[in-house]
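To start, the structure under review is shown below, and the notes come after it.
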Amino acid sequence: MDNRVTQEPVTVSPQTGESGVFTSLKKVLLSLGPGIITAALVFGPSKMTITSKLGAVYGYSLLWIIAVAIFFMTVFTVMGARIGVAAKQSLLATIRLKWGKAAAIFIGFGIFLVATSFQAGNSIGVGIAIAEANGTSPVIWIIVFNVIGIALLFFQSFYKVLEKLMIFLIGLMLFSFITTLFLADPDWSAVAVGFVPSIPEGSLGLVIAFTASAFSIVGALYQSYLVQERIKQNPEIKETSRNSITGIFILGLMSAIVLICAAAVLNPQGIKVTSASDMAKALEPLFGSYASTLFLTGLFGAAFSSLVGNASLGGTLLGDALGYGSQLTSKMVRFLIALVMIIGACIAIAFGKLPLELIVFAQSVTIFLVPFIGLAMYVIGNDVKIMGSHVNSTPVKIMGAFGLLILFVLAASNVNELFLK
C-alpha cells in the first residue's frame, strides 16, 4: 500500500536477552490485533462451508477468486484503519456529521440485524465442532460457549481480552489447517494453475457468494473502530498499513488452505458439502480420527472467533448509531453485544440450523447496506479535511473505485437472485 500515508513503524525498546525478544514479539502481535480480529470475525463457519464447496465441486480452479477478493478486502480494510487513525471521532459519528443522523442509524441498525441473523450459524458451528469430536449433543456446547462469550464482557478491558483471544484462535486455526494441508497432499502444479482466472460452468453463484463474504465491507468498516480502541489501550504502538495487511493476508491464506484441502480430499471422492464439518467426516476414513479431530479444532476456532467478533461488531455499531458511543467499556455497548449472542444462541437451539428465512432476510438487508457503506468509506477516505496526511493516494482511489464497482455488481446480482428470478 502507499507508504506516505502511514505513520512511523512500530518501535521497541532496546532491550536485550529473552525479555527484550518477548517484549518485541508482544508489541508486534498487539500491533496486528485489529487486523487479526477482523480476519477472525470474517472467517466463520459459513466462509468455511462456501470455500469447501468451491474446492469440492471445482477442484483447484477457483483459487484465483480468493486472491481477487482478498486484494480488495485489503484495500478497504487499510482504508478503514486510516480513517480510524485520522478521524477525531468514530466512523459512524463522522457519517452522522457528513450525511445526517438517519444515515448513521441506517448503517448501525442494519449491521446489527445482519450480525444477529448470522449469529445462529456461529453458535451452531461451535456446537457441532465440539459435539462431533466427542459424540455429545451440540446444544450443551452452544449454551456453554455463548455463556463464555458473554462472560468475557465482564473483563474491565474487553478489547485486550478480545485481542488476545483472537490471536490465539487464529494461531489454532493456522496450525489445524496447515497440518491438514500436509496430510491432504495436494497436487501443487494444479494449485498453481488454480490462480489463473477461469469461471467453470455453473460456478458463478458460488463465486459471487465467496466474493461477497470474503470482501466484507462491514469488516473493513469495523477495522476503524478496532484501530481506535487499540490506540486507546496501547497508544505506544504506532499504526501502519502493514498491521491491517497482515491480518487480511492470514484471512486469504486460511481460505486458500481450506479450498486446497477440499479439492484434494473431497473433489476426488465426489463428496457434496452441506456444512463445514463435512471435511472432518471425509478426513477420518483416509487419515484416522486424529485428522478429523484436528480439522474440527480449526472449525471450532473459526466458529468461536466469529461468535465473539460478530457479536462485538453488531453491538458496537448499534450502540454508536443510537448515541451510546463505540467504546467497548460502555455498559450499553456490552449489553448489545451480549444481546447478539443470546438471540443467536436461542435461534440455534430452537431450529438446530440457521433458518432459510433469516438467510434471505440478512442477504436482503446486506444488498442495500454494503454498497452504501463502501461508498461512505471511500468518500471519507478521499476527504482531505477529515483525513489530512492519511487521505487516500491516487492508486488507492483507483483500486477503491474498482472495489466499489464490484460491490455494486454483487448487489445487483443479489437483487436479481432474490427478487427477480
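Following the order of the C-alpha cells, first chain is A, next is B, and so on, with residues numbered from 1 inside each chain and ligands from 1 in the order they appear.
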Could you give me, as a tab-separated table, every segment 42-68 of chain A residue with an atom at most 9 Å from segment 291-312 of chain A, plus its closest atom pair and distance in Å to one decimal, counting only C-alpha atoms, rows ordered by chain then number?
```
residue	atom	partner	partner_atom	distance
A:Val42	CA	A:Ser306	CA	6.7
A:Phe43	CA	A:Ala302	CA	6.0
A:Gly44	CA	A:Ala302	CA	4.8
A:Pro45	CA	A:Ala303	CA	5.6
A:Ser46	CA	A:Ala303	CA	9.0
A:Met48	CA	A:Leu299	CA	8.0
```
Hey, can you spit out that residue selection with N, CA and C atoms as an mmCIF file, in the first residue's frame?
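Okay, this is what ended up in out-v4.cif:
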```cif
data_model
loop_
_atom_site.group_PDB
_atom_site.id
_atom_site.type_symbol
_atom_site.label_atom_id
_atom_site.label_comp_id
_atom_site.auth_asym_id
_atom_site.auth_seq_id
_atom_site.Cartn_x
_atom_site.Cartn_y
_atom_site.Cartn_z
ATOM 1 N N VAL A 42 -14.424 -12.485 10.169
ATOM 2 C CA VAL A 42 -14.877 -12.751 8.793
ATOM 3 C C VAL A 42 -14.799 -14.242 8.479
ATOM 4 N N PHE A 43 -13.758 -14.911 8.987
ATOM 5 C CA PHE A 43 -13.557 -16.326 8.666
ATOM 6 C C PHE A 43 -14.356 -17.199 9.631
ATOM 7 N N GLY A 44 -15.637 -17.362 9.354
ATOM 8 C CA GLY A 44 -16.514 -18.161 10.208
ATOM 9 C C GLY A 44 -16.953 -19.450 9.526
ATOM 10 N N PRO A 45 -17.882 -20.184 10.134
ATOM 11 C CA PRO A 45 -18.366 -21.452 9.572
ATOM 12 C C PRO A 45 -18.957 -21.307 8.172
ATOM 13 N N SER A 46 -19.670 -20.215 7.913
ATOM 14 C CA SER A 46 -20.257 -20.038 6.583
ATOM 15 C C SER A 46 -19.174 -19.854 5.530
ATOM 16 N N MET A 48 -16.147 -21.102 5.725
ATOM 17 C CA MET A 48 -15.541 -22.414 5.549
ATOM 18 C C MET A 48 -16.408 -23.310 4.662
#
```
Extract, using only C-alpha atoms, all DNA, RNA and protein residues at most 10 Å from Ile380 of chain A, discarding same-chain residues fewer than 4 positions from it, and format them as a ChimeraX atom specification.
/A:79-80,83,87,91,94-95,98,375-376,384-387,391-392
Counting only C-alpha atoms, what is within 7 Å of segment 37-39 of chain A, bar same-chain residues fewer than 6 positions away, as an NGL selection string?
:A and (163 or 166 or 219 or 223 or 247-248 or 251 or 309)
Could you check which of A:Gly374, A:Gly35, A:Pro186, A:Gly314 is closest to Ile260 of chain A, using only C-alpha atoms?
A:Pro186
Pick out each residue of segment 170-297 of chain A that DSSP on the backbone tags as alpha helix (DSSP H); I need them as a PyMOL selection string.
chain A and resi 170-184+188-193+204-214+217-233+241-265+278-287+289-297
Give me, as CSV, the closest atom pair and its distance (Å, one decimal) for every residue of segment 324-348 of chain A within a cut-off of 12 Å of segment 124-127 of chain A, counting only C-alpha atoms, rows sorted by chain and rising number.
```
residue,atom,partner,partner_atom,distance
A:Met341,CA,A:Ile124,CA,11.8
A:Gly344,CA,A:Ile124,CA,9.1
A:Ala345,CA,A:Ile124,CA,8.1
A:Cys346,CA,A:Ile124,CA,10.6
A:Ile347,CA,A:Ile124,CA,9.4
A:Ala348,CA,A:Ile124,CA,5.9
```
